[in-house]
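Engineer: Below is the structure I would like to discuss, written out as structure tokens.
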Amino acid sequence: MSDPTDKAREDFLSEAQEIVETLSRNLLALDEAHRQQTSDPSLINEAFRAVHTLKGLSSLFGATMIGALSHNLEDVLDDLRLGRIALDTHVLDVLFKAVEGFGRALTMERDATPPDRVPSFIDDLVLQIKKMGAAPGPSQDDMGEYEIDPGLLAVLTEYEEHRLRTNIQEGLSLFKLRVRFDLATIDKGLEEIKEHVKKFGEIITYLPTGESSSIEFIELDLLVASKHGFTELNAELASAELVIEEVPRRRAAEPAPPVAAVADAADAPQVRPLTTNANSLAAAPQSPGLLAETTGSLRSVSQTVRVDIRKLDHLMNVVGELAIVRGALARLAERLRGEGQRQSATDLLRLHRNFERRLAEMQEGILEVRMVPLGHVFERLGRVVRQISRDLGKEIRLVITGAETEIDKLIVEELSDPLMHMIRNSIDHGIESADRRLLVGKPTTGTIALNAFQKGNHVMLEIEDDGRGIDGQGILRRAVQLGKVTADEVKDLTKAEIFGLIFLPGVSTREEVDDVSGRGVGMDVVKTNISKLGGVIDVHSEEGIGTKMTITLPITLAIVSALLIRVAEQTFAIPLASVSEAIAFDDSGLRVVDGREVMTLRGTTLPIAHLDRLLSLTRSMTAPRRQYVVVATLGVRRLGLVVDQLLGQQDIVIKSLGKSLSEVRGFAGATELGDQHVGLVIDAAAIIEEVLTTSELGARVARMLHG
Amino acid sequence: MGDIVKLMSHRSLRRDTGEREAVREFLGVMLAGQAYGVELTRIREILSPPPLTPVPRAPQHVKGVCSVRGQLITVIDLRLRLRLDESPPTRKTRILLTENSGEVVGLYVDEVRHVLRLMETEIEPATAVFGNELSEHVIGVGRPPGHVLVLLDLNSVVPR
């Protein structure tokens, strides 16, 4: 990483990744627009720009695969935006394939094992893209009833001219919006105007007028095509900084069109005919298109910083160590007070409180930086759904809610593969064929809902389909066939336990095996990956109605609030996210049900586990008479852990145990407690699963899953 | 520790004069009263033991975990790993930090003695000396003048 070229390359890869994601977003929006038989030329133009940038970047870094792809794609997108070829499903398909191609190529580049020659999938893609190539475009000179000054036409880019012609041909009216911007805030102002004007029409170009009344202001003429009339537009848009006029038509009377009346337009700039603007351009320092583009891109560069997540981890470690210093300060203050130095102690405590507050702010700030919206992953899934549903000939409607829900960047990265797999399963195994759906009285289009929302310190992710549901009996048959369970044991299984079997290697929710899914590998991997993130999956399914899988994940892996407890003279931390309460332990209320200890907590049954026995801890003294129960929860499951002592709450940085301890179950890692001591962090999820397996079989299943 | 520093500077002196063919350096350590050697290049650091936190459910030879400048380190008791007798820590007890497949691991030893330079001819291969049981963790036996020590293979001693 220290090698500057490595760093630059890393930057290139992440930038390329972002561009490809933007491209994918644009294509999805285009696809949506296309299905609704509308079109948004700005989307195609954005896609074109994205690919253009990518082409430039990849040639800089010698990324030949990406270069070849973007070069050819750029041509097609150029043809598209200039109207030389029409956007149809086939074109969209190829474009989506190209995005996948970029993804694969990027992965290969990232692994730093780019093959010697361009791999065949790139060649295939390039071939497909080339096939779409355009017939020479019709070059009409027809500007309809508008007389456009040749001077203006000369400064328009080919694309802008194309849009101008198209709009005129579609019978839209042209307007010139003269807008005055404060130089200091032009970036923001321009964005706002763009957003606002877009609602009423298309902005074809921006031309600086070069005649501002003051050096603190700059004036731009926006050439806008709109289906609205002048009066309407004027009412909606005009202000002290924005004056609208119609571009004169050929048949219109020769003098200048009526000047827009503005209420308090005493200092409004003089309105001039459009033609003069183009002339004044000669004096303008940059071409107009460039100006608009540079203001846009400069802005994003200046406000965004890309940071390696390891640097944030490091900062978080420093915060953790500062927290230890904070503890030491408090102890020092106490000592001073004990020694009778009251004044110094008070001063020190005040400093300590101040330090504590700032430290908390800093910690929060770092955490905030690590958070990203789930939307990024959801977009990728949108692509997957489109692809698979087309491959399988199923019509799927993907409904996404909560894309703005934020979660730790590291979790997001690890989440996309498991989610992708689960969605595949839903489409392939869950959603029935259109015929079958008609037969059972469902709409032919299947629905997959992807919901995300925050719940306390957790993020919940739901993947729900309205398909055929999981065939519990089929799973049991398969599990028995594979020898995972015996026919005898099957009788005792609850519904939830049966669904739990789909997470065993080799068990599939489908009989036939195909390309998409069904090999019975996958759900076990999904489960393992989710567990690694400290999450759990719950399955609910109704035959004939649908399946819902709920993933519960912690919001961040970096720092957590934990309850410190002691048992058998050892200190442990239990993340508070999985603790609902802690109460005094009363062993007189203990009962044994099904060979397991339970107690009654406010009218409900709470299973109990003694942490010392569970972890085989040895005591040098007998357990204290007064013990406590920490109620750990995970989704709907609860478990009471009996401990000796509650030490209080502390924010901890969890560090994972090394590879040599990877076999050890029940711990999420370890954390520094101060005084150089390390405390182990209990993995409540793992412990709950381990204990809450009712039968002997349950325990076996749990061992298979975790052991 | 004084010896080590001296020996190490001596080593670099010798290296500068170009005399380094087929010489391997080992750090002599004591385990249950017996002398062992570990390859010096594999040792990053020698520490006085920080407080160790035992890990329940871990293999028996895992002494515990500790934090070294913010990094979490698993400490392996070499005596238990080699099925030798365990004894309580003394003021000579040390932890050697070594890196094994990307993970920094601590090795708990009774004592660190000195650095030994062994010619290839002074190293007897393991199979010639031991049965298969022990030889999996052993490179061989070093026989420098006046010493005998078992040379440990750190790749095999530290479990993956």
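Ordered as shown in the structure tokens, chains take letters A, B, and onward, while each chain numbers its residues from 1 and ligands are numbered from 1 in the order shown.
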I need the chain A residues near chain B as a PyMOL selection string; criterion: at most 10 Å, counting only C-alpha atoms.
Structural biologist: chain A and resi 314+317-318+320-321+570-571+612+614-618+654-667+669-672+675-680
Engineer: May I have the residues from that selection written out with C-alpha atoms, as an mmCIF file, in the first residue's frame?
Structural biologist:
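Final output, saved to result_2.cif:
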```cif
data_model
loop_
_atom_site.group_PDB
_atom_site.id
_atom_site.type_symbol
_atom_site.label_atom_id
_atom_site.label_comp_id
_atom_site.auth_asym_id
_atom_site.auth_seq_id
_atom_site.Cartn_x
_atom_site.Cartn_y
_atom_site.Cartn_z
ATOM 1 C CA HIS A 314 -6.976 2.853 13.004
ATOM 2 C CA ASN A 317 -8.412 2.100 17.753
ATOM 3 C CA VAL A 318 -6.939 5.410 18.813
ATOM 4 C CA GLY A 320 -10.445 3.171 22.085
ATOM 5 C CA GLU A 321 -7.050 3.882 23.591
ATOM 6 C CA GLN A 570 -13.102 -13.620 34.835
ATOM 7 C CA THR A 571 -14.444 -10.489 33.155
ATOM 8 C CA ASP A 612 -19.623 -20.760 34.064
ATOM 9 C CA LEU A 614 -21.437 -23.297 29.522
ATOM 10 C CA LEU A 615 -17.837 -22.100 29.114
ATOM 11 C CA SER A 616 -16.416 -24.785 31.452
ATOM 12 C CA LEU A 617 -14.836 -22.164 33.692
ATOM 13 C CA THR A 618 -13.178 -23.361 36.867
ATOM 14 C CA ILE A 654 -14.031 -5.411 19.432
ATOM 15 C CA LYS A 655 -10.941 -7.046 17.978
ATOM 16 C CA SER A 656 -11.348 -10.405 16.390
ATOM 17 C CA LEU A 657 -9.522 -13.396 17.800
ATOM 18 C CA GLY A 658 -6.637 -14.550 15.670
ATOM 19 C CA LYS A 659 -6.791 -17.322 13.110
ATOM 20 C CA SER A 660 -5.379 -19.796 15.593
ATOM 21 C CA LEU A 661 -8.561 -19.379 17.656
ATOM 22 C CA SER A 662 -10.994 -19.478 14.754
ATOM 23 C CA GLU A 663 -12.345 -22.835 15.917
ATOM 24 C CA VAL A 664 -13.427 -21.463 19.268
ATOM 25 C CA ARG A 665 -17.171 -20.756 19.330
ATOM 26 C CA GLY A 666 -19.069 -18.384 21.545
ATOM 27 C CA PHE A 667 -16.840 -15.313 21.394
ATOM 28 C CA GLY A 669 -13.620 -11.269 19.875
ATOM 29 C CA ALA A 670 -11.825 -9.502 22.669
ATOM 30 C CA THR A 671 -11.445 -5.967 23.866
ATOM 31 C CA GLU A 672 -9.092 -3.917 25.984
ATOM 32 C CA ASP A 675 -4.867 -1.603 32.845
ATOM 33 C CA GLN A 676 -3.498 -3.683 29.957
ATOM 34 C CA HIS A 677 -6.168 -6.305 30.611
ATOM 35 C CA VAL A 678 -8.098 -7.948 27.830
ATOM 36 C CA GLY A 679 -11.678 -9.171 28.186
ATOM 37 C CA LEU A 680 -13.423 -11.645 25.926
#
```
Engineer: Can you list every residue in chain B that DSSP puts in helix (DSSP H, G or I), as JSON, numbers by chain?
Structural biologist: {"B": [2, 3, 4, 5, 6, 7, 8, 9, 10, 11, 12, 13, 14, 15, 16, 40, 41, 42, 78, 79, 80, 81, 120, 121, 122, 126, 127, 128, 129, 132, 133, 134, 135, 154, 155, 156, 157]}
Engineer: Tell me which protein, DNA and RNA residues are within 9 Å of region 149-153 of chain B, counting only C-alpha atoms, leaving out same-chain ones fewer than 3 positions away, and put them as an MDAnalysis selection string.
Structural biologist: chainID B and resid 26 28 34:39 123 126 136:144 156:158
Engineer: Mind writing the picked residues with C-alpha atoms as a short mmCIF file (atom, residue, chain, number, x, y, z; two decimals), in the first residue's frame?
Structural biologist:
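Written output follows (selection.cif):
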```cif
data_model
loop_
_atom_site.label_atom_id
_atom_site.label_comp_id
_atom_site.auth_asym_id
_atom_site.auth_seq_id
_atom_site.Cartn_x
_atom_site.Cartn_y
_atom_site.Cartn_z
CA PHE B 26 18.86 -19.57 16.46
CA GLY B 28 18.17 -20.41 22.53
CA GLN B 34 15.61 -28.31 28.38
CA ALA B 35 17.34 -26.15 25.77
CA TYR B 36 15.55 -25.47 22.50
CA GLY B 37 16.30 -23.23 19.55
CA VAL B 38 14.01 -21.20 17.33
CA GLU B 39 15.07 -19.49 14.13
CA ILE B 123 22.63 -29.45 12.56
CA ALA B 126 15.26 -34.57 12.97
CA GLU B 136 6.92 -33.10 13.14
CA HIS B 137 7.73 -30.00 15.24
CA VAL B 138 11.50 -30.29 15.00
CA ILE B 139 13.99 -29.23 12.34
CA GLY B 140 16.80 -31.15 13.95
CA VAL B 141 19.30 -31.09 16.75
CA GLY B 142 21.91 -28.37 16.94
CA ARG B 143 25.31 -29.38 18.24
CA PRO B 144 27.45 -26.30 18.53
CA SER B 156 4.59 -26.62 12.58
CA VAL B 157 4.61 -25.62 16.26
CA VAL B 158 2.18 -22.78 15.69
#
```
Engineer: What does the structure give for the distance between CA of Asn45 (chain A) and CA of Ser70 (chain A), in Å to one decimal?
Structural biologist: 14.6 Å
Engineer: Within 12 Å of Leu367 (chain A), counting only C-alpha atoms, which residues show up once you throw out same-chain ones fewer than 5 positions away? Write them as a list in words, please.
Structural biologist: Ile309, Leu312, Asp313, Leu315, Met316, Val319, Ala360, Glu361, Met362, Val372, Glu406, Ile407, Asp408, Lys409, Leu410, Ile555, Thr556, Leu557, Ala558, Ile559, Val560 and Val653 of chain A
Engineer: Write out the residues from the selection above, keeping C-alpha atoms, as a PDB file, in the first residue's frame.
Structural biologist:
```pdb
ATOM      1  CA  ILE A 309     -11.502   1.924   5.683  1.00  0.00           C
ATOM      2  CA  LEU A 312     -10.866   4.615   9.942  1.00  0.00           C
ATOM      3  CA  ASP A 313     -10.237   1.405  11.848  1.00  0.00           C
ATOM      4  CA  LEU A 315      -8.673   6.056  14.161  1.00  0.00           C
ATOM      5  CA  MET A 316     -11.212   3.954  15.988  1.00  0.00           C
ATOM      6  CA  VAL A 319     -10.314   6.446  20.191  1.00  0.00           C
ATOM      7  CA  ALA A 360     -17.787  10.790  22.451  1.00  0.00           C
ATOM      8  CA  GLU A 361     -18.248  13.318  19.647  1.00  0.00           C
ATOM      9  CA  MET A 362     -15.159  12.085  17.897  1.00  0.00           C
ATOM     10  CA  VAL A 372     -23.178   4.070   3.939  1.00  0.00           C
ATOM     11  CA  GLU A 406     -27.341   3.218   6.785  1.00  0.00           C
ATOM     12  CA  ILE A 407     -24.989   0.509   7.895  1.00  0.00           C
ATOM     13  CA  ASP A 408     -21.258   0.062   8.417  1.00  0.00           C
ATOM     14  CA  LYS A 409     -19.327   0.075   5.138  1.00  0.00           C
ATOM     15  CA  LEU A 410     -17.624  -3.219   5.981  1.00  0.00           C
ATOM     16  CA  ILE A 555     -25.285  -1.399  12.605  1.00  0.00           C
ATOM     17  CA  THR A 556     -21.552  -1.266  13.043  1.00  0.00           C
ATOM     18  CA  LEU A 557     -18.717  -3.605  13.773  1.00  0.00           C
ATOM     19  CA  ALA A 558     -16.362  -0.905  14.916  1.00  0.00           C
ATOM     20  CA  ILE A 559     -17.483   0.025  18.361  1.00  0.00           C
ATOM     21  CA  VAL A 560     -20.267  -1.249  20.548  1.00  0.00           C
ATOM     22  CA  VAL A 653     -13.697  -1.764  20.342  1.00  0.00           C
TER      23      VAL A 653
END
```
Engineer: Please return, as a PyMOL selection string, all residues of chain B that DSSP assigns to strand (DSSP E) on the basis of the backbone.
Structural biologist: chain B and resi 23-31+34-39+43-47+62-68+71-77+94-100+103-109+111-119+123-125+138-142+149-152
Engineer: Of the candidates A:Leu576, A:Ile218, A:Thr53, A:Ala584, which one gets nearest to Leu563 (chain A) if we count only C-alpha atoms?
Structural biologist: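 Residue with the minimum atom-to-atom distance to Leu563 (chain A): A:Leu576.
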Engineer: Would you mind reading off the distance between CA of Thr547 (chain A) and CA of Gly469 (chain A), one decimal, in Å?
Structural biologist: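 Separating CA of Thr547 (chain A) from CA of Gly469 (chain A) is a distance of 5.1 Å.
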Engineer: From the list A:His162, A:Lys7, A:Lys491, A:Arg625, which residue is nearest Asp308 (chain A) when using only C-alpha atoms?
Structural biologist: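 Going through A:His162, A:Lys7, A:Lys491, A:Arg625 one by one, the smallest distance to Asp308 (chain A) is for A:Lys7.
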Engineer: Report, in Å to a single decimal, how far apart CA of Met371 (chain A) and CA of Leu322 (chain A) are.
Structural biologist: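 That distance, rounded to one decimal, is 22.1 Å.
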Engineer: Excluding Lys442 (chain A) and its own-chain neighbours fewer than 2 positions away, which residues fall within 12 Å of it when counting only C-alpha atoms? Please give them as a list of chain:residue names.
Structural biologist: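 Within the cut-off, the hits are A:Ile431, A:Glu432, A:Ser433, A:Ala434, A:Asp435, A:Arg436, A:Arg437, A:Leu438, A:Leu439, A:Val440, A:Thr444, A:Thr445, A:Gly446, A:Thr447, A:Asp466, A:Gly467, A:Arg468, A:Gly544, A:Ile545, A:Gly546.
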Engineer: So that I can check the surroundings of Gly33 (chain B), please list as JSON, numbers by chain every protein, DNA and RNA residue that reaches within 10 Å of it, counting only C-alpha atoms and ignoring chain neighbours fewer than 6 positions away.
Structural biologist: {"B": [84, 85, 110, 111]}
